[in-house]
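The file protein24.pdb contains PDB, C-alpha atoms, pLDDT in the B column:
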MODEL        1
ATOM      1  CA  MET A   4      85.849 -77.211  54.839  1.00 75.00           C
ATOM      2  CA  ALA A   5      86.856 -76.986  58.458  1.00 82.00           C
ATOM      3  CA  ASN A   6      85.493 -79.397  61.034  1.00 88.00           C
ATOM      4  CA  ILE A   7      86.345 -77.473  64.169  1.00 92.00           C
ATOM      5  CA  LYS A   8      83.799 -74.935  65.402  1.00 93.00           C
ATOM      6  CA  SER A   9      86.337 -72.159  65.954  1.00 94.00           C
ATOM      7  CA  SER A  10      87.722 -72.679  62.451  1.00 94.00           C
ATOM      8  CA  LYS A  11      84.251 -72.370  60.964  1.00 93.00           C
ATOM      9  CA  LYS A  12      83.736 -69.114  62.833  1.00 95.00           C
ATOM     10  CA  ALA A  13      87.154 -67.834  61.753  1.00 95.00           C
ATOM     11  CA  ILE A  14      86.236 -68.490  58.122  1.00 95.00           C
ATOM     12  CA  LYS A  15      83.064 -66.403  58.509  1.00 95.00           C
ATOM     13  CA  VAL A  16      84.930 -63.580  60.245  1.00 97.00           C
ATOM     14  CA  ILE A  17      87.642 -63.508  57.586  1.00 97.00           C
ATOM     15  CA  ALA A  18      85.035 -63.433  54.821  1.00 97.00           C
ATOM     16  CA  LYS A  19      83.271 -60.479  56.448  1.00 97.00           C
ATOM     17  CA  LYS A  20      86.525 -58.559  56.964  1.00 96.00           C
ATOM     18  CA  THR A  21      87.577 -59.243  53.379  1.00 96.00           C
ATOM     19  CA  GLU A  22      84.265 -57.887  52.108  1.00 97.00           C
ATOM     20  CA  ASN A  23      84.565 -54.762  54.262  1.00 96.00           C
ATOM     21  CA  ASN A  24      88.126 -54.152  53.070  1.00 96.00           C
ATOM     22  CA  HIS A  25      87.073 -54.586  49.447  1.00 97.00           C
ATOM     23  CA  GLU A  26      84.226 -52.094  49.913  1.00 97.00           C
ATOM     24  CA  LEU A  27      86.555 -49.533  51.472  1.00 96.00           C
ATOM     25  CA  LYS A  28      89.107 -49.819  48.662  1.00 96.00           C
ATOM     26  CA  ALA A  29      86.352 -49.560  46.058  1.00 97.00           C
ATOM     27  CA  ARG A  30      84.882 -46.507  47.806  1.00 96.00           C
ATOM     28  CA  VAL A  31      88.292 -44.802  47.804  1.00 96.00           C
ATOM     29  CA  LYS A  32      88.835 -45.494  44.107  1.00 96.00           C
ATOM     30  CA  ASN A  33      85.349 -44.272  43.188  1.00 97.00           C
ATOM     31  CA  LEU A  34      85.721 -41.083  45.222  1.00 96.00           C
ATOM     32  CA  ILE A  35      89.046 -40.329  43.555  1.00 96.00           C
ATOM     33  CA  LYS A  36      87.452 -40.799  40.134  1.00 96.00           C
ATOM     34  CA  GLU A  37      84.492 -38.571  41.066  1.00 96.00           C
ATOM     35  CA  THR A  38      86.852 -35.884  42.355  1.00 95.00           C
ATOM     36  CA  GLU A  39      88.880 -35.967  39.153  1.00 95.00           C
ATOM     37  CA  LYS A  40      85.670 -35.692  37.107  1.00 95.00           C
ATOM     38  CA  ALA A  41      84.635 -32.652  39.145  1.00 94.00           C
ATOM     39  CA  ILE A  42      88.058 -31.135  38.543  1.00 94.00           C
ATOM     40  CA  ALA A  43      87.756 -31.812  34.810  1.00 94.00           C
ATOM     41  CA  ASN A  44      84.332 -30.106  34.800  1.00 93.00           C
ATOM     42  CA  ASN A  45      85.758 -27.090  36.719  1.00 92.00           C
ATOM     43  CA  ASP A  46      83.314 -27.653  39.583  1.00 89.00           C
ATOM     44  CA  CYS A  47      85.460 -26.305  42.403  1.00 90.00           C
ATOM     45  CA  GLU A  48      82.911 -26.635  45.227  1.00 92.00           C
ATOM     46  CA  LYS A  49      82.043 -30.235  44.445  1.00 93.00           C
ATOM     47  CA  ALA A  50      85.716 -31.147  44.056  1.00 94.00           C
ATOM     48  CA  SER A  51      86.535 -29.610  47.449  1.00 93.00           C
ATOM     49  CA  LEU A  52      83.726 -31.493  49.178  1.00 94.00           C
ATOM     50  CA  LEU A  53      84.692 -34.769  47.545  1.00 95.00           C
ATOM     51  CA  PHE A  54      88.330 -34.185  48.435  1.00 95.00           C
ATOM     52  CA  LYS A  55      87.431 -34.073  52.136  1.00 95.00           C
ATOM     53  CA  ASP A  56      85.762 -37.477  51.803  1.00 94.00           C
ATOM     54  CA  VAL A  57      88.734 -38.830  49.861  1.00 96.00           C
ATOM     55  CA  GLN A  58      91.094 -37.792  52.638  1.00 96.00           C
ATOM     56  CA  LYS A  59      88.906 -39.436  55.267  1.00 96.00           C
ATOM     57  CA  TYR A  60      88.628 -42.756  53.473  1.00 96.00           C
ATOM     58  CA  LEU A  61      92.289 -42.815  52.435  1.00 96.00           C
ATOM     59  CA  ASP A  62      93.273 -42.374  56.076  1.00 96.00           C
ATOM     60  CA  GLN A  63      90.930 -45.209  57.066  1.00 95.00           C
ATOM     61  CA  ALA A  64      92.467 -47.469  54.426  1.00 96.00           C
ATOM     62  CA  VAL A  65      95.967 -46.648  55.681  1.00 96.00           C
ATOM     63  CA  GLY A  66      94.892 -47.379  59.241  1.00 95.00           C
ATOM     64  CA  LYS A  67      93.635 -50.804  58.237  1.00 94.00           C
ATOM     65  CA  GLY A  68      96.766 -51.517  56.228  1.00 94.00           C
ATOM     66  CA  LEU A  69      94.943 -51.733  52.904  1.00 94.00           C
ATOM     67  CA  ILE A  70      97.199 -49.212  51.197  1.00 95.00           C
ATOM     68  CA  HIS A  71     100.621 -47.831  52.006  1.00 96.00           C
ATOM     69  CA  SER A  72     100.828 -44.456  53.716  1.00 96.00           C
ATOM     70  CA  ASN A  73     103.067 -43.056  50.965  1.00 97.00           C
ATOM     71  CA  THR A  74     100.461 -44.003  48.348  1.00 95.00           C
ATOM     72  CA  SER A  75      97.790 -42.209  50.341  1.00 96.00           C
ATOM     73  CA  ASP A  76      99.949 -39.113  50.776  1.00 96.00           C
ATOM     74  CA  ARG A  77     100.797 -39.051  47.071  1.00 96.00           C
ATOM     75  CA  GLN A  78      97.147 -39.316  46.003  1.00 96.00           C
ATOM     76  CA  LYS A  79      96.065 -36.595  48.435  1.00 96.00           C
ATOM     77  CA  SER A  80      98.898 -34.339  47.335  1.00 97.00           C
ATOM     78  CA  ARG A  81      98.113 -34.701  43.629  1.00 95.00           C
ATOM     79  CA  LEU A  82      94.398 -34.078  44.115  1.00 95.00           C
ATOM     80  CA  SER A  83      94.969 -31.038  46.339  1.00 95.00           C
ATOM     81  CA  LEU A  84      97.384 -29.582  43.784  1.00 95.00           C
ATOM     82  CA  LYS A  85      94.815 -30.010  41.005  1.00 94.00           C
ATOM     83  CA  ILE A  86      92.148 -28.326  43.139  1.00 93.00           C
ATOM     84  CA  LYS A  87      94.470 -25.423  44.021  1.00 92.00           C
ATOM     85  CA  ASN A  88      95.318 -24.920  40.350  1.00 91.00           C
ATOM     86  CA  MET A  89      91.581 -24.780  39.553  1.00 83.00           C
ATOM     87  CA  LYS A  90      91.069 -21.836  41.904  1.00 76.00           C
TER      88      LYS A  90
ENDMDL
END

Translate this structure into structure tokens?
Amino acid sequence: MANIKSSKKAIKVIAKKTENNHELKARVKNLIKETEKAIANNDCEKASLLFKDVQKYLDQAVGKGLIHSNTSDRQKSRLSLKIKNMK
């Protein structure tokens, strides 16, 4: 454990940022799964609404450096293609 006050604060800040990053990545993964379930159930409206949220959170994750931009683009492209094929 750190003895210096600024080090103690840095440990708290890092822990909070780590938790926030973990929540964002988990939210992205869960939204992708929900969207794919909606696609599998042929629920076009729900899939379209979820896809908008997926795009938003993927872009946030890219902005924070949690995932690579190419990974985000690939996931968005594959989901949009599946939704277009449903219609």

> In Å, how far is it from atom CA of A:His71 to atom CA of A:Arg30?
Replying inline: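 Interatomic distance, atom CA of A:His71 to atom CA of A:Arg30: 16.3 Å.
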
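Take atom CA of A:Val65 and atom CA of A:Ala50: the distance between them is 21.9 Å.
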
> Could you name the residues that touch A:Asn88 at 10 Å or less, counting only C-alpha atoms, but leaving out those on the same chain fewer than 5 positions away, as a PyMOL selection string?
Replying inline: chain A and resi 42+82-83

> Do you know which residues are at most 12 Å from A:Asp62 counting all atoms listed in the file, after dropping those on the same chain fewer than 3 positions away, and could you put them as a ChimeraX atom specification?
Replying inline: /A:27-28,31,55-59,65-76,78-79

> From the set A:Leu84, A:Tyr60, A:Cys47, A:Arg77, which residue has the shortest atom-to-atom contact distance to A:Ala29, counting only C-alpha atoms?
Replying inline: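 Once distances to A:Ala29 are computed over only C-alpha atoms, the minimum belongs to A:Tyr60.
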
> Separation of atom CA of A:Lys85 and atom CA of A:Asn33, in Å?
Replying inline: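 Rounded to one decimal, the two atoms are 17.3 Å apart.
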
As a PDB file, in the frame of the given file, could you write out stretch 16-27 of chain A once it has been completed with all heavy atoms?
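Ended up saving to selection-v8.pdb:
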ATOM      1  N   VAL A  16      84.385 -64.882  59.856  1.00 97.00           N
ATOM      2  CA  VAL A  16      84.930 -63.580  60.245  1.00 97.00           C
ATOM      3  C   VAL A  16      85.862 -63.050  59.155  1.00 97.00           C
ATOM      4  O   VAL A  16      85.799 -61.872  58.773  1.00 97.00           O
ATOM      5  CB  VAL A  16      85.669 -63.683  61.600  1.00 97.00           C
ATOM      6  CG1 VAL A  16      86.459 -62.424  61.896  1.00 97.00           C
ATOM      7  CG2 VAL A  16      84.684 -63.972  62.715  1.00 97.00           C
ATOM      8  N   ILE A  17      86.712 -63.917  58.635  1.00 97.00           N
ATOM      9  CA  ILE A  17      87.642 -63.508  57.586  1.00 97.00           C
ATOM     10  C   ILE A  17      86.884 -63.073  56.342  1.00 97.00           C
ATOM     11  O   ILE A  17      87.243 -62.072  55.700  1.00 97.00           O
ATOM     12  CB  ILE A  17      88.631 -64.651  57.275  1.00 97.00           C
ATOM     13  CG1 ILE A  17      89.590 -64.845  58.452  1.00 97.00           C
ATOM     14  CG2 ILE A  17      89.402 -64.386  55.993  1.00 97.00           C
ATOM     15  CD1 ILE A  17      90.407 -66.121  58.378  1.00 97.00           C
ATOM     16  N   ALA A  18      85.825 -63.792  56.002  1.00 97.00           N
ATOM     17  CA  ALA A  18      85.035 -63.433  54.821  1.00 97.00           C
ATOM     18  C   ALA A  18      84.401 -62.059  54.993  1.00 97.00           C
ATOM     19  O   ALA A  18      84.387 -61.240  54.058  1.00 97.00           O
ATOM     20  CB  ALA A  18      83.968 -64.485  54.568  1.00 97.00           C
ATOM     21  N   LYS A  19      83.901 -61.777  56.191  1.00 97.00           N
ATOM     22  CA  LYS A  19      83.271 -60.479  56.448  1.00 97.00           C
ATOM     23  C   LYS A  19      84.303 -59.353  56.398  1.00 97.00           C
ATOM     24  O   LYS A  19      84.059 -58.295  55.803  1.00 97.00           O
ATOM     25  CB  LYS A  19      82.587 -60.484  57.811  1.00 97.00           C
ATOM     26  CG  LYS A  19      81.799 -59.224  58.112  1.00 97.00           C
ATOM     27  CD  LYS A  19      81.156 -59.269  59.489  1.00 97.00           C
ATOM     28  CE  LYS A  19      79.837 -59.992  59.409  1.00 97.00           C
ATOM     29  NZ  LYS A  19      79.074 -59.889  60.670  1.00 97.00           N
ATOM     30  N   LYS A  20      85.476 -59.574  56.982  1.00 96.00           N
ATOM     31  CA  LYS A  20      86.525 -58.559  56.964  1.00 96.00           C
ATOM     32  C   LYS A  20      87.022 -58.308  55.539  1.00 96.00           C
ATOM     33  O   LYS A  20      87.271 -57.160  55.151  1.00 96.00           O
ATOM     34  CB  LYS A  20      87.702 -58.984  57.848  1.00 96.00           C
ATOM     35  CG  LYS A  20      87.435 -58.854  59.335  1.00 96.00           C
ATOM     36  CD  LYS A  20      88.662 -59.193  60.139  1.00 96.00           C
ATOM     37  CE  LYS A  20      88.396 -59.031  61.620  1.00 96.00           C
ATOM     38  NZ  LYS A  20      89.594 -59.295  62.438  1.00 96.00           N
ATOM     39  N   THR A  21      87.142 -59.380  54.766  1.00 96.00           N
ATOM     40  CA  THR A  21      87.577 -59.243  53.379  1.00 96.00           C
ATOM     41  C   THR A  21      86.587 -58.404  52.594  1.00 96.00           C
ATOM     42  O   THR A  21      86.977 -57.536  51.807  1.00 96.00           O
ATOM     43  CB  THR A  21      87.738 -60.631  52.732  1.00 96.00           C
ATOM     44  OG1 THR A  21      88.696 -61.373  53.480  1.00 96.00           O
ATOM     45  CG2 THR A  21      88.194 -60.522  51.295  1.00 96.00           C
ATOM     46  N   GLU A  22      85.304 -58.656  52.798  1.00 97.00           N
ATOM     47  CA  GLU A  22      84.265 -57.887  52.108  1.00 97.00           C
ATOM     48  C   GLU A  22      84.318 -56.417  52.505  1.00 97.00           C
ATOM     49  O   GLU A  22      84.222 -55.522  51.655  1.00 97.00           O
ATOM     50  CB  GLU A  22      82.883 -58.472  52.430  1.00 97.00           C
ATOM     51  CG  GLU A  22      81.742 -57.772  51.751  1.00 97.00           C
ATOM     52  CD  GLU A  22      81.786 -57.899  50.240  1.00 97.00           C
ATOM     53  OE1 GLU A  22      82.343 -58.887  49.730  1.00 97.00           O
ATOM     54  OE2 GLU A  22      81.245 -56.991  49.565  1.00 97.00           O
ATOM     55  N   ASN A  23      84.476 -56.147  53.799  1.00 96.00           N
ATOM     56  CA  ASN A  23      84.565 -54.762  54.262  1.00 96.00           C
ATOM     57  C   ASN A  23      85.781 -54.052  53.678  1.00 96.00           C
ATOM     58  O   ASN A  23      85.694 -52.888  53.276  1.00 96.00           O
ATOM     59  CB  ASN A  23      84.619 -54.711  55.785  1.00 96.00           C
ATOM     60  CG  ASN A  23      83.305 -55.074  56.432  1.00 96.00           C
ATOM     61  OD1 ASN A  23      82.259 -55.049  55.785  1.00 96.00           O
ATOM     62  ND2 ASN A  23      83.345 -55.452  57.696  1.00 96.00           N
ATOM     63  N   ASN A  24      86.907 -54.750  53.628  1.00 96.00           N
ATOM     64  CA  ASN A  24      88.126 -54.152  53.070  1.00 96.00           C
ATOM     65  C   ASN A  24      87.946 -53.867  51.585  1.00 96.00           C
ATOM     66  O   ASN A  24      88.373 -52.816  51.096  1.00 96.00           O
ATOM     67  CB  ASN A  24      89.326 -55.078  53.289  1.00 96.00           C
ATOM     68  CG  ASN A  24      89.727 -55.171  54.745  1.00 96.00           C
ATOM     69  OD1 ASN A  24      89.369 -54.325  55.551  1.00 96.00           O
ATOM     70  ND2 ASN A  24      90.469 -56.196  55.081  1.00 96.00           N
ATOM     71  N   HIS A  25      87.310 -54.785  50.880  1.00 97.00           N
ATOM     72  CA  HIS A  25      87.073 -54.586  49.447  1.00 97.00           C
ATOM     73  C   HIS A  25      86.165 -53.373  49.215  1.00 97.00           C
ATOM     74  O   HIS A  25      86.410 -52.572  48.314  1.00 97.00           O
ATOM     75  CB  HIS A  25      86.448 -55.839  48.839  1.00 97.00           C
ATOM     76  CG  HIS A  25      86.120 -55.693  47.398  1.00 97.00           C
ATOM     77  ND1 HIS A  25      87.081 -55.665  46.419  1.00 97.00           N
ATOM     78  CD2 HIS A  25      84.932 -55.535  46.765  1.00 97.00           C
ATOM     79  CE1 HIS A  25      86.499 -55.504  45.249  1.00 97.00           C
ATOM     80  NE2 HIS A  25      85.200 -55.420  45.426  1.00 97.00           N
ATOM     81  N   GLU A  26      85.129 -53.241  50.037  1.00 97.00           N
ATOM     82  CA  GLU A  26      84.226 -52.094  49.913  1.00 97.00           C
ATOM     83  C   GLU A  26      84.950 -50.777  50.167  1.00 97.00           C
ATOM     84  O   GLU A  26      84.716 -49.786  49.468  1.00 97.00           O
ATOM     85  CB  GLU A  26      83.044 -52.238  50.883  1.00 97.00           C
ATOM     86  CG  GLU A  26      82.061 -53.303  50.482  1.00 97.00           C
ATOM     87  CD  GLU A  26      80.962 -53.494  51.508  1.00 97.00           C
ATOM     88  OE1 GLU A  26      80.888 -52.707  52.485  1.00 97.00           O
ATOM     89  OE2 GLU A  26      80.179 -54.443  51.341  1.00 97.00           O
ATOM     90  N   LEU A  27      85.823 -50.759  51.159  1.00 96.00           N
ATOM     91  CA  LEU A  27      86.555 -49.533  51.472  1.00 96.00           C
ATOM     92  C   LEU A  27      87.489 -49.145  50.327  1.00 96.00           C
ATOM     93  O   LEU A  27      87.533 -47.977  49.923  1.00 96.00           O
ATOM     94  CB  LEU A  27      87.351 -49.693  52.768  1.00 96.00           C
ATOM     95  CG  LEU A  27      88.161 -48.480  53.220  1.00 96.00           C
ATOM     96  CD1 LEU A  27      87.267 -47.270  53.442  1.00 96.00           C
ATOM     97  CD2 LEU A  27      88.931 -48.802  54.496  1.00 96.00           C
TER      98      LEU A  27
END
